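What's in my_file.pdb: PDB, C-alpha atoms
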MODEL        1
ATOM      1  CA  LYS A  23       7.850  19.661 -22.622  1.00  0.00           C
ATOM      2  CA  GLN A  24      10.796  19.870 -25.009  1.00  0.00           C
ATOM      3  CA  SER A  25      12.774  17.339 -22.955  1.00  0.00           C
ATOM      4  CA  PHE A  26       9.695  15.109 -22.637  1.00  0.00           C
ATOM      5  CA  TYR A  27       9.115  14.962 -26.393  1.00  0.00           C
ATOM      6  CA  MET A  28      12.816  14.447 -27.084  1.00  0.00           C
ATOM      7  CA  GLY A  29      12.788  11.676 -24.523  1.00  0.00           C
ATOM      8  CA  MET A  30       9.690   9.966 -25.941  1.00  0.00           C
ATOM      9  CA  ILE A  31      10.623  10.305 -29.616  1.00  0.00           C
ATOM     10  CA  VAL A  32      14.391   9.747 -29.446  1.00  0.00           C
ATOM     11  CA  LEU A  33      15.668   8.477 -26.068  1.00  0.00           C
ATOM     12  CA  LEU A  34      13.000   5.880 -25.203  1.00  0.00           C
ATOM     13  CA  PRO A  35      12.962   4.091 -28.617  1.00  0.00           C
ATOM     14  CA  THR A  36      16.764   4.176 -28.727  1.00  0.00           C
ATOM     15  CA  TYR A  37      16.977   2.718 -25.226  1.00  0.00           C
ATOM     16  CA  LEU A  38      14.322   0.027 -25.687  1.00  0.00           C
ATOM     17  CA  LEU A  39      14.968  -1.021 -29.269  1.00  0.00           C
ATOM     18  CA  PHE A  40      17.222   0.764 -31.748  1.00  0.00           C
ATOM     19  CA  GLY A  41      20.183   1.363 -29.448  1.00  0.00           C
ATOM     20  CA  SER A  42      20.939  -2.330 -28.974  1.00  0.00           C
ATOM     21  CA  PHE A  43      21.017  -2.918 -32.752  1.00  0.00           C
ATOM     22  CA  ILE A  44      23.152   0.151 -33.499  1.00  0.00           C
ATOM     23  CA  ILE A  45      25.663  -0.362 -30.676  1.00  0.00           C
ATOM     24  CA  SER A  46      25.748  -4.128 -31.308  1.00  0.00           C
ATOM     25  CA  ALA A  47      26.681  -3.481 -34.938  1.00  0.00           C
ATOM     26  CA  LEU A  48      29.424  -1.025 -33.918  1.00  0.00           C
ATOM     27  CA  PHE A  49      30.669  -3.455 -31.280  1.00  0.00           C
ATOM     28  CA  GLN A  50      30.821  -6.278 -33.836  1.00  0.00           C
ATOM     29  CA  LEU A  51      32.644  -4.005 -36.287  1.00  0.00           C
ATOM     30  CA  ILE A  52      35.286  -3.130 -33.679  1.00  0.00           C
ATOM     31  CA  MET A  53      35.785  -6.797 -32.742  1.00  0.00           C
ATOM     32  CA  ASN A  54      36.158  -7.828 -36.387  1.00  0.00           C
ATOM     33  CA  SER A  55      38.459  -4.905 -37.218  1.00  0.00           C
ATOM     34  CA  PHE A  56      40.848  -5.677 -34.376  1.00  0.00           C
ATOM     35  CA  HIS A  57      40.361  -9.470 -34.554  1.00  0.00           C
ATOM     36  CA  LEU A  58      39.257  -9.620 -30.927  1.00  0.00           C
ATOM     37  CA  SER A  59      38.158 -12.916 -29.449  1.00  0.00           C
ATOM     38  CA  LEU A  60      36.201 -12.977 -26.197  1.00  0.00           C
ATOM     39  CA  GLU A  61      34.054 -15.451 -24.309  1.00  0.00           C
ATOM     40  CA  SER A  62      30.292 -14.952 -24.478  1.00  0.00           C
ATOM     41  CA  ALA A  63      30.023 -13.570 -20.929  1.00  0.00           C
ATOM     42  CA  ASN A  64      32.904 -11.144 -21.578  1.00  0.00           C
ATOM     43  CA  ILE A  65      31.298  -9.953 -24.817  1.00  0.00           C
ATOM     44  CA  ASN A  66      27.991  -9.354 -23.015  1.00  0.00           C
ATOM     45  CA  ALA A  67      29.723  -7.493 -20.186  1.00  0.00           C
ATOM     46  CA  CYS A  68      31.603  -5.216 -22.609  1.00  0.00           C
ATOM     47  CA  PHE A  69      28.479  -4.642 -24.680  1.00  0.00           C
ATOM     48  CA  ASN A  70      26.411  -3.755 -21.601  1.00  0.00           C
ATOM     49  CA  PHE A  71      29.092  -1.337 -20.410  1.00  0.00           C
ATOM     50  CA  PHE A  72      29.343   0.535 -23.722  1.00  0.00           C
ATOM     51  CA  PHE A  73      25.573   0.466 -24.260  1.00  0.00           C
ATOM     52  CA  ASP A  74      24.893   1.987 -20.822  1.00  0.00           C
ATOM     53  CA  LEU A  75      27.780   4.462 -21.157  1.00  0.00           C
ATOM     54  CA  ILE A  76      26.627   5.819 -24.537  1.00  0.00           C
ATOM     55  CA  LEU A  77      22.947   5.924 -23.580  1.00  0.00           C
ATOM     56  CA  THR A  78      23.696   7.510 -20.181  1.00  0.00           C
ATOM     57  CA  VAL A  79      25.605  10.358 -21.856  1.00  0.00           C
ATOM     58  CA  PHE A  80      22.745  10.723 -24.354  1.00  0.00           C
ATOM     59  CA  ALA A  81      20.139  10.785 -21.560  1.00  0.00           C
ATOM     60  CA  ILE A  82      22.068  13.452 -19.624  1.00  0.00           C
ATOM     61  CA  VAL A  83      22.299  15.596 -22.776  1.00  0.00           C
ATOM     62  CA  VAL A  84      18.543  15.279 -23.423  1.00  0.00           C
ATOM     63  CA  PHE A  85      17.643  16.080 -19.790  1.00  0.00           C
ATOM     64  CA  LYS A  86      20.484  18.515 -19.177  1.00  0.00           C
ATOM     65  CA  ASN A  87      18.201  21.330 -17.953  1.00  0.00           C
ATOM     66  CA  GLU A  88      16.264  18.992 -15.660  1.00  0.00           C
ATOM     67  CA  PHE A  89      19.458  17.629 -14.090  1.00  0.00           C
ATOM     68  CA  VAL A  90      20.690  21.180 -13.446  1.00  0.00           C
ATOM     69  CA  ILE A  91      17.404  21.967 -11.666  1.00  0.00           C
ATOM     70  CA  GLN A  92      17.585  18.717  -9.676  1.00  0.00           C
ATOM     71  CA  PHE A  93      21.147  19.486  -8.509  1.00  0.00           C
ATOM     72  CA  LYS A  94      20.166  23.033  -7.522  1.00  0.00           C
ATOM     73  CA  ASN A  95      17.197  21.703  -5.575  1.00  0.00           C
ATOM     74  CA  PHE A  96      19.452  19.149  -3.899  1.00  0.00           C
ATOM     75  CA  LYS A  97      21.882  21.861  -2.789  1.00  0.00           C
ATOM     76  CA  LYS A  98      18.998  23.856  -1.292  1.00  0.00           C
ATOM     77  CA  SER A  99      17.247  20.858   0.247  1.00  0.00           C
ATOM     78  CA  ASN A 100      17.378  19.461   3.747  1.00  0.00           C
ATOM     79  CA  LYS A 101      20.247  16.972   3.442  1.00  0.00           C
ATOM     80  CA  THR A 102      19.086  14.934   6.430  1.00  0.00           C
ATOM     81  CA  GLU A 103      15.672  14.456   4.860  1.00  0.00           C
ATOM     82  CA  PHE A 104      17.279  13.486   1.549  1.00  0.00           C
ATOM     83  CA  ILE A 105      19.534  10.904   3.226  1.00  0.00           C
ATOM     84  CA  ASN A 106      16.553   9.546   5.165  1.00  0.00           C
ATOM     85  CA  ASN A 107      14.657   9.016   1.908  1.00  0.00           C
ATOM     86  CA  VAL A 108      17.604   7.167   0.369  1.00  0.00           C
ATOM     87  CA  VAL A 109      18.130   5.027   3.488  1.00  0.00           C
ATOM     88  CA  LEU A 110      14.390   4.321   3.707  1.00  0.00           C
ATOM     89  CA  GLY A 111      14.448   3.236   0.086  1.00  0.00           C
ATOM     90  CA  ILE A 112      16.915   0.393   0.710  1.00  0.00           C
ATOM     91  CA  PRO A 113      14.589  -1.790   2.863  1.00  0.00           C
ATOM     92  CA  VAL A 114      11.674  -0.757   0.631  1.00  0.00           C
ATOM     93  CA  LEU A 115      13.474  -2.143  -2.430  1.00  0.00           C
ATOM     94  CA  TYR A 116      14.696  -5.253  -0.625  1.00  0.00           C
ATOM     95  CA  GLY A 117      11.182  -5.913   0.671  1.00  0.00           C
ATOM     96  CA  ALA A 118       9.691  -5.351  -2.785  1.00  0.00           C
ATOM     97  CA  SER A 119      12.247  -7.716  -4.313  1.00  0.00           C
ATOM     98  CA  ILE A 120      11.589 -10.452  -1.739  1.00  0.00           C
ATOM     99  CA  ILE A 121       7.795 -10.221  -2.111  1.00  0.00           C
ATOM    100  CA  GLY A 122       8.115 -10.232  -5.894  1.00  0.00           C
ATOM    101  CA  ASN A 123      10.421 -13.261  -5.847  1.00  0.00           C
ATOM    102  CA  VAL A 124       8.095 -15.200  -3.556  1.00  0.00           C
ATOM    103  CA  LEU A 125       5.140 -14.400  -5.813  1.00  0.00           C
ATOM    104  CA  SER A 126       7.108 -15.446  -8.901  1.00  0.00           C
ATOM    105  CA  MET A 127       8.149 -18.713  -7.227  1.00  0.00           C
ATOM    106  CA  ILE A 128       4.534 -19.485  -6.260  1.00  0.00           C
ATOM    107  CA  LEU A 129       3.271 -18.838  -9.796  1.00  0.00           C
ATOM    108  CA  THR A 130       6.061 -20.654 -11.640  1.00  0.00           C
ATOM    109  CA  GLY A 131       6.939 -23.355  -9.118  1.00  0.00           C
ATOM    110  CA  ASP A 132      10.557 -22.498  -9.903  1.00  0.00           C
ATOM    111  CA  ILE A 133      13.011 -21.208  -7.284  1.00  0.00           C
ATOM    112  CA  SER A 134      15.619 -20.110  -9.841  1.00  0.00           C
ATOM    113  CA  SER A 135      16.269 -16.435 -10.577  1.00  0.00           C
ATOM    114  CA  SER A 136      15.212 -14.718 -13.779  1.00  0.00           C
ATOM    115  CA  GLU A 137      17.437 -15.211 -16.823  1.00  0.00           C
ATOM    116  CA  ASN A 138      18.368 -11.524 -16.589  1.00  0.00           C
ATOM    117  CA  GLN A 139      19.633 -11.945 -13.021  1.00  0.00           C
ATOM    118  CA  ILE A 140      21.566 -15.116 -13.860  1.00  0.00           C
ATOM    119  CA  MET A 141      23.206 -13.401 -16.847  1.00  0.00           C
ATOM    120  CA  VAL A 142      24.204 -10.345 -14.780  1.00  0.00           C
ATOM    121  CA  GLU A 143      25.727 -12.536 -12.048  1.00  0.00           C
ATOM    122  CA  GLU A 144      27.721 -14.494 -14.657  1.00  0.00           C
ATOM    123  CA  MET A 145      29.024 -11.268 -16.238  1.00  0.00           C
ATOM    124  CA  ILE A 146      30.054  -9.952 -12.805  1.00  0.00           C
ATOM    125  CA  LYS A 147      32.093 -13.124 -12.236  1.00  0.00           C
ATOM    126  CA  GLN A 148      33.835 -12.742 -15.609  1.00  0.00           C
ATOM    127  CA  MET A 149      34.491  -8.984 -15.611  1.00  0.00           C
ATOM    128  CA  PRO A 150      33.807  -7.669 -12.092  1.00  0.00           C
ATOM    129  CA  ILE A 151      35.263  -4.142 -12.376  1.00  0.00           C
ATOM    130  CA  LEU A 152      33.521  -3.343 -15.660  1.00  0.00           C
ATOM    131  CA  MET A 153      30.199  -4.719 -14.426  1.00  0.00           C
ATOM    132  CA  ILE A 154      30.402  -2.981 -11.039  1.00  0.00           C
ATOM    133  CA  ILE A 155      30.748   0.345 -12.872  1.00  0.00           C
ATOM    134  CA  THR A 156      27.841  -0.626 -15.135  1.00  0.00           C
ATOM    135  CA  VAL A 157      25.395  -1.767 -12.448  1.00  0.00           C
ATOM    136  CA  THR A 158      26.247   0.765  -9.717  1.00  0.00           C
ATOM    137  CA  VAL A 159      26.900   3.946 -11.743  1.00  0.00           C
ATOM    138  CA  LEU A 160      25.691   3.859 -15.343  1.00  0.00           C
ATOM    139  CA  ALA A 161      22.541   1.726 -15.064  1.00  0.00           C
ATOM    140  CA  PRO A 162      21.049   3.681 -12.125  1.00  0.00           C
ATOM    141  CA  ILE A 163      21.500   7.023 -13.900  1.00  0.00           C
ATOM    142  CA  LEU A 164      20.176   5.711 -17.211  1.00  0.00           C
ATOM    143  CA  GLU A 165      17.248   3.690 -15.853  1.00  0.00           C
ATOM    144  CA  GLU A 166      16.070   6.331 -13.395  1.00  0.00           C
ATOM    145  CA  THR A 167      16.273   8.990 -16.121  1.00  0.00           C
ATOM    146  CA  VAL A 168      14.156   6.897 -18.490  1.00  0.00           C
ATOM    147  CA  PHE A 169      11.646   5.330 -16.111  1.00  0.00           C
ATOM    148  CA  ARG A 170      11.309   7.944 -13.379  1.00  0.00           C
ATOM    149  CA  LEU A 171      12.352  11.316 -14.836  1.00  0.00           C
ATOM    150  CA  LEU A 172      10.845  10.741 -18.297  1.00  0.00           C
ATOM    151  CA  LEU A 173       7.912   8.352 -17.860  1.00  0.00           C
ATOM    152  CA  PHE A 174       6.846   8.872 -14.239  1.00  0.00           C
ATOM    153  CA  THR A 175       7.172  12.661 -14.339  1.00  0.00           C
ATOM    154  CA  GLY A 176       5.923  12.971 -17.903  1.00  0.00           C
ATOM    155  CA  PHE A 177       2.694  11.064 -17.283  1.00  0.00           C
ATOM    156  CA  TYR A 178       2.116  12.064 -13.648  1.00  0.00           C
ATOM    157  CA  GLU A 179      -0.383  14.762 -14.627  1.00  0.00           C
ATOM    158  CA  ARG A 180      -2.498  12.137 -16.399  1.00  0.00           C
ATOM    159  CA  GLY A 181      -2.921  10.244 -13.155  1.00  0.00           C
ATOM    160  CA  ARG A 182      -0.664   9.269 -10.299  1.00  0.00           C
ATOM    161  CA  TRP A 183      -1.415   5.538 -10.457  1.00  0.00           C
ATOM    162  CA  PHE A 184      -1.189   5.507 -14.236  1.00  0.00           C
ATOM    163  CA  ALA A 185       2.320   6.987 -13.941  1.00  0.00           C
ATOM    164  CA  TYR A 186       3.224   4.347 -11.326  1.00  0.00           C
ATOM    165  CA  LEU A 187       1.983   1.447 -13.471  1.00  0.00           C
ATOM    166  CA  LEU A 188       3.505   2.756 -16.708  1.00  0.00           C
ATOM    167  CA  SER A 189       6.920   3.443 -15.200  1.00  0.00           C
ATOM    168  CA  ALA A 190       7.131   0.286 -13.073  1.00  0.00           C
ATOM    169  CA  GLY A 191       5.482  -1.919 -15.714  1.00  0.00           C
ATOM    170  CA  LEU A 192       7.928  -1.008 -18.473  1.00  0.00           C
ATOM    171  CA  PHE A 193      10.805  -1.197 -15.981  1.00  0.00           C
ATOM    172  CA  GLY A 194       9.767  -4.753 -15.117  1.00  0.00           C
ATOM    173  CA  LEU A 195       9.145  -5.771 -18.718  1.00  0.00           C
ATOM    174  CA  LEU A 196      12.578  -4.520 -19.775  1.00  0.00           C
ATOM    175  CA  HIS A 197      14.212  -7.074 -17.468  1.00  0.00           C
ATOM    176  CA  VAL A 198      12.303 -10.133 -18.715  1.00  0.00           C
ATOM    177  CA  TYR A 199      11.386  -9.505 -22.347  1.00  0.00           C
ATOM    178  CA  GLN A 200      14.559 -10.904 -23.955  1.00  0.00           C
ATOM    179  CA  PRO A 201      13.872 -14.581 -23.058  1.00  0.00           C
ATOM    180  CA  MET A 202      10.264 -14.063 -24.152  1.00  0.00           C
ATOM    181  CA  LEU A 203      11.465 -13.071 -27.635  1.00  0.00           C
ATOM    182  CA  GLU A 204      13.229 -16.427 -27.737  1.00  0.00           C
ATOM    183  CA  GLY A 205       9.980 -18.274 -26.929  1.00  0.00           C
ATOM    184  CA  ASN A 206      10.241 -18.557 -23.134  1.00  0.00           C
ATOM    185  CA  PHE A 207       6.911 -16.868 -22.373  1.00  0.00           C
ATOM    186  CA  LEU A 208       6.822 -18.139 -18.766  1.00  0.00           C
ATOM    187  CA  GLU A 209       9.591 -15.627 -18.034  1.00  0.00           C
ATOM    188  CA  ILE A 210       6.836 -12.984 -17.792  1.00  0.00           C
ATOM    189  CA  LEU A 211       5.917 -14.529 -14.428  1.00  0.00           C
ATOM    190  CA  LYS A 212       9.342 -13.459 -13.134  1.00  0.00           C
ATOM    191  CA  ILE A 213       8.499  -9.805 -13.724  1.00  0.00           C
ATOM    192  CA  PHE A 214       7.200  -9.234 -10.179  1.00  0.00           C
ATOM    193  CA  PRO A 215      10.511  -8.491  -8.362  1.00  0.00           C
ATOM    194  CA  TYR A 216      11.327  -5.836 -10.984  1.00  0.00           C
ATOM    195  CA  LEU A 217       7.747  -4.556 -11.081  1.00  0.00           C
ATOM    196  CA  PHE A 218       7.567  -4.087  -7.304  1.00  0.00           C
ATOM    197  CA  MET A 219      11.053  -2.553  -7.198  1.00  0.00           C
ATOM    198  CA  GLY A 220       9.944  -0.157  -9.937  1.00  0.00           C
ATOM    199  CA  ILE A 221       6.978   0.877  -7.794  1.00  0.00           C
ATOM    200  CA  GLY A 222       9.349   1.345  -4.842  1.00  0.00           C
ATOM    201  CA  LEU A 223      11.681   3.556  -6.895  1.00  0.00           C
ATOM    202  CA  CYS A 224       8.718   5.664  -8.052  1.00  0.00           C
ATOM    203  CA  TYR A 225       7.699   6.078  -4.405  1.00  0.00           C
ATOM    204  CA  ILE A 226      11.209   7.166  -3.385  1.00  0.00           C
ATOM    205  CA  TYR A 227      11.314   9.652  -6.264  1.00  0.00           C
ATOM    206  CA  GLU A 228       7.856  11.014  -5.441  1.00  0.00           C
ATOM    207  CA  ARG A 229       8.615  11.240  -1.714  1.00  0.00           C
ATOM    208  CA  SER A 230      11.948  13.049  -2.180  1.00  0.00           C
ATOM    209  CA  ASP A 231      10.911  15.057  -5.276  1.00  0.00           C
ATOM    210  CA  ASN A 232      14.454  14.610  -6.591  1.00  0.00           C
ATOM    211  CA  ILE A 233      15.712  12.085  -9.133  1.00  0.00           C
ATOM    212  CA  LEU A 234      19.038  11.817  -7.280  1.00  0.00           C
ATOM    213  CA  ALA A 235      17.332   9.892  -4.440  1.00  0.00           C
ATOM    214  CA  PRO A 236      16.322   6.806  -6.475  1.00  0.00           C
ATOM    215  CA  ILE A 237      19.644   6.975  -8.349  1.00  0.00           C
ATOM    216  CA  PHE A 238      21.605   6.815  -5.090  1.00  0.00           C
ATOM    217  CA  CYS A 239      19.251   4.215  -3.644  1.00  0.00           C
TER
ENDMDL
END

As a first step, turn the structure in this file into structure tokens.
Amino acid sequence: KQSFYMGMIVLLPTYLLFGSFIISALFQLIMNSFHLSLESANINACFNFFFDLILTVFAIVVFKNEFVIQFKNFKKSNKTEFINNVVLGIPVLYGASIIGNVLSMILTGDISSSENQIMVEEMIKQMPILMIITVTVLAPILEETVFRLLLFTGFYERGRWFAYLLSAGLFGLLHVYQPMLEGNFLEILKIFPYLFMGIGLCYIYERSDNILAPIFC
């Protein structure tokens, strides 16, 4: 309960809203102080790396006790079953992504990816090493802590499907809301790949009963 309330009151608002303003201000201060000049994609890549790094450390501190329990359970668990859950999760997530993309294309009549996906691909081209660390190490730990360990677990007792929809819905919204703030409201129709992948990650977490499974997946 202590971790849940800390997560809801401090971690979640920081992750969804305040963190970007605070870290953006610090990032701008550092750039101005050292007279750094970077291209837009490079700035975004560096910002995403430091944002995920700081928030990941913060999330681990908040859920320190839960992570200790999860690691202990992992050590005691059937490793073959754990690996099977992770391996099973890969086609589940690919399938969810494909179905979501097809649905988005039907609704929008647009075959292009979401603005979030396009931006990530551009940042990977500009700063591949930094972005690989961000998207394969930091983001999985941070996002699964927030959306699965905090929201899915925290609201599971209030209803299994409610926990699924809350966790996956916010996970999907996080990946499309930025263009909507700029007036591109049709971007909401590109939520489905993220929404369905969020449901898939909840399923993997529920099936394995260990947050490490969706993180690895």

Would you kindly translate the PyMOL selection byres ((chain A and resi 153-167) around 6) into the concrete residues it picks from this file, as a ChimeraX atom specification? /A:71,74,78,146,150-152,168-171,237

Excluding range 226-228 of chain A and any residue of its chain fewer than 5 positions from it, enumerate the residues within 12 Å of it, using all atoms listed in the file, and give them as an NGL selection string. :A and (92 or 103-115 or 166-167 or 169-171 or 174-175 or 178 or 182-183 or 185-186 or 189 or 219-221 or 233-239)

Atom pair CA of Lys94 in chain A / CA of Lys23 in chain A: separation (Å):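 Separation between CA of Lys94 in chain A and CA of Lys23 in chain A: 19.8 Å.
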
Once you count only C-alpha atoms, what closest atom pair and distance in Å to one decimal does each residue of range 84-178 of chain A within 7 Å of range 57-67 of chain A have, with rows by chain and rising residue number, as JSON lines?
{"residue": "A:Glu144", "atom": "CA", "partner": "A:Ala63", "partner_atom": "CA", "distance": 6.7}
{"residue": "A:Met145", "atom": "CA", "partner": "A:Ala63", "partner_atom": "CA", "distance": 5.3}
{"residue": "A:Gln148", "atom": "CA", "partner": "A:Asn64", "partner_atom": "CA", "distance": 6.2}
{"residue": "A:Met149", "atom": "CA", "partner": "A:Asn64", "partner_atom": "CA", "distance": 6.5}
{"residue": "A:Met153", "atom": "CA", "partner": "A:Ala67", "partner_atom": "CA", "distance": 6.4}

Within 12 Å of range 196-213 of chain A, which residues of range 23-118 of chain A show up? Give each one with its shortest atom-to-atom distance in Å (one decimal) and the two atoms involved, counting all atoms listed in the file, rows by chain then rising residue number, as a Markdown table.
| residue | atom | partner | partner_atom | distance |
| --- | --- | --- | --- | --- |
| A:Leu34 | CA | A:Leu196 | CA | 11.7 |
| A:Tyr37 | CA | A:Leu196 | CA | 10.1 |
| A:Leu38 | CA | A:Leu196 | CA | 7.7 |
| A:Leu39 | CA | A:Leu196 | CA | 10.4 |
| A:Ser42 | CA | A:Gln200 | CA | 11.8 |
| A:Ala118 | CA | A:Ile213 | CA | 11.9 |

Which distance in Å separates CA of Ala81 in chain A and CA of Leu33 in chain A, to one decimal?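 Atom-to-atom, CA of Ala81 in chain A and CA of Leu33 in chain A are spaced 6.8 Å apart.
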
What's the separation between CA of Thr36 in chain A and CA of Lys147 in chain A, in Å to one decimal place?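 If I compute the distance from CA of Thr36 in chain A to CA of Lys147 in chain A, I get 28.4 Å.
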
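In terms of minimum interatomic distance to Ser25 in chain A, A:Gly176 ranks closest within A:Gly122, A:Gly176, A:Gly41, A:Gly117, counting all atoms listed in the file.
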
Taking 4 positions as the minimum chain separation for residues in the same chain, which residues sit within 8 Å of range 47-50 of chain A when counting all atoms listed in the file? Answer as a count of residues only. 3
